[in-house]
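Scroll down for the structure; my scribbles are underneath it.
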Amino acid sequence: MDDFDLPYPQYHCPECGRDLPLNEARLTVTCASHQPEDDLAFVVREAKPSDRGDIEEICDRALGETEIDMFGTTFDVLKSINLIAEANEALAGLLSLSLRRGEAVIVLLSVYPDYQGKGVGAALLRAAQAYSRDHGLPLMRVAISNDDIPLLYFYMRHGFVISDIDVGRLVDDSGSAIAGFSGIAVRDEIHMLRPVCEHR
Ligand SMILES: CC(C)(COP(=O)(O)OP(=O)(O)OC[C@H]1O[C@@H](n2cnc3c(N)ncnc32)[C@H](O)[C@@H]1OP(=O)(O)O)[C@@H](O)C(=O)NCCC(=O)NCCS
């Protein structure tokens, strides 16, 4: 298995404060009452042309590119509907939404490590839901890789269900399995969906 050599940390250790590359991150299970406070002030808005540099940077840090393959299609974040969360006048997170066959596809959801666990991802998802509802889109779809347990947890907690698993798809694309979150081999593309009108 090859190492996934992303140059930027994806997570932040709450114990020691160290920024973590993907394969050094580990999960901890806690009581529901021991979750950190959502004490961050931020706004969510649609991106403007002047946000392009910040959007390119968060894509670079999350995936190393702005073009993302999922559902057998290549989506370009720069041509998508981009919803951004801004805190302290800086970009904290991005949700990129595209339209495909009359449905909404979440192309990318990424929150910078310093802002994770403070409700930014949930707020971006609510904004994507509102956008989809206002534009008459009945379903939101997303594809994640099998190693990305934090994202799988996040989407399931927000009512998404697995609709399909494209087994081996990510090995086929890269030629070999790379090590993703926590060193787990990146192999399968997990497809998830949620009706837009369903509330949590
Ligand atoms: C997964 C992710 C989008 C969640 O965004 P977030 O702003 O941290 O999410 P929220 O604060 O709204 O919600 C946190 C919830 O998700 C869970 N969670 C997932 N990842 C978490 C993280 N890194 N820190 C804290 N909570 C996290 C929490 O347990 C919490 O669950 P709960 O609602 O049951 O308490 C974000 O952690 C992230 O961007 N991770 C990096 C993913 C990435 O860039 N991957 C690269 C390829 S896409």
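In the structure tokens, each chain is lettered A, B, ... as it comes, each chain's residues begin at 1, and ligands are numbered from 1 in order of appearance.
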
Could you produce a table of the residues of chain A lying within 9 Å of ligand 1, with the nearest pair of atoms per residue and their separation in Å rounded to one decimal, using only C-alpha atoms and all ligand atoms, ordered by chain and increasing residue number, as CSV?
```
residue,atom,partner,partner_atom_place_in_ligand_line,distance
A:Gln10,CA,ligand 1,41 (C),5.3
A:Tyr11,CA,ligand 1,23 (N),5.7
A:His12,CA,ligand 1,23 (N),7.1
A:Cys13,CA,ligand 1,23 (N),8.9
A:Pro14,CA,ligand 1,24 (N),8.7
A:Leu22,CA,ligand 1,45 (N),8.1
A:Val29,CA,ligand 1,29 (O),8.4
A:Thr30,CA,ligand 1,29 (O),8.8
A:Ala32,CA,ligand 1,35 (O),6.9
A:Gln35,CA,ligand 1,35 (O),6.3
A:Pro36,CA,ligand 1,25 (C),8.3
A:Asp38,CA,ligand 1,11 (O),7.4
A:Ile58,CA,ligand 1,44 (O),8.3
A:Cys59,CA,ligand 1,44 (O),8.3
A:Arg61,CA,ligand 1,44 (O),7.6
A:Ala62,CA,ligand 1,46 (C),4.3
A:Leu63,CA,ligand 1,47 (C),5.6
A:Ala92,CA,ligand 1,7 (O),8.7
A:Gly93,CA,ligand 1,39 (O),7.3
A:Leu94,CA,ligand 1,39 (O),8.5
A:Leu95,CA,ligand 1,3 (C),8.8
A:Val107,CA,ligand 1,48 (S),8.6
A:Leu108,CA,ligand 1,48 (S),5.8
A:Leu109,CA,ligand 1,3 (C),5.4
A:Ser110,CA,ligand 1,39 (O),3.5
A:Val111,CA,ligand 1,39 (O),3.7
A:Tyr112,CA,ligand 1,39 (O),6.1
A:Pro113,CA,ligand 1,23 (N),6.6
A:Tyr115,CA,ligand 1,7 (O),6.4
A:Gln116,CA,ligand 1,8 (O),3.3
A:Gly117,CA,ligand 1,11 (O),3.2
A:Lys118,CA,ligand 1,11 (O),4.0
A:Gly119,CA,ligand 1,12 (O),3.3
A:Val120,CA,ligand 1,7 (O),3.9
A:Gly121,CA,ligand 1,7 (O),3.5
A:Ala122,CA,ligand 1,12 (O),3.7
A:Ala123,CA,ligand 1,12 (O),6.5
A:Leu124,CA,ligand 1,12 (O),8.0
A:Leu125,CA,ligand 1,12 (O),8.4
A:Ile144,CA,ligand 1,48 (S),7.4
A:Ser145,CA,ligand 1,48 (S),8.5
A:Asp148,CA,ligand 1,45 (N),7.3
A:Ile149,CA,ligand 1,19 (C),8.1
A:Pro150,CA,ligand 1,19 (C),4.3
A:Leu151,CA,ligand 1,1 (C),4.3
A:Leu152,CA,ligand 1,1 (C),8.0
A:Tyr153,CA,ligand 1,17 (C),6.7
A:Phe154,CA,ligand 1,16 (O),4.6
A:Tyr155,CA,ligand 1,16 (O),8.3
A:Arg157,CA,ligand 1,34 (O),6.2
A:His158,CA,ligand 1,33 (O),8.1
A:Phe181,CA,ligand 1,45 (N),8.6
```

Would you list, as a PyMOL selection string, the residues of range 20-190 of chain A that end up in strand (DSSP E) under DSSP run on this structure's backbone?
-> chain A and resi 20+43-46+67-70+73-76+81-87+90-100+103-111+139-145+161-166+178-179+185-186+189-190

Residue set, range 101-172 of chain A restricted to alpha helix (DSSP H), as a ChimeraX atom specification = /A:120-134,149-157,169-172
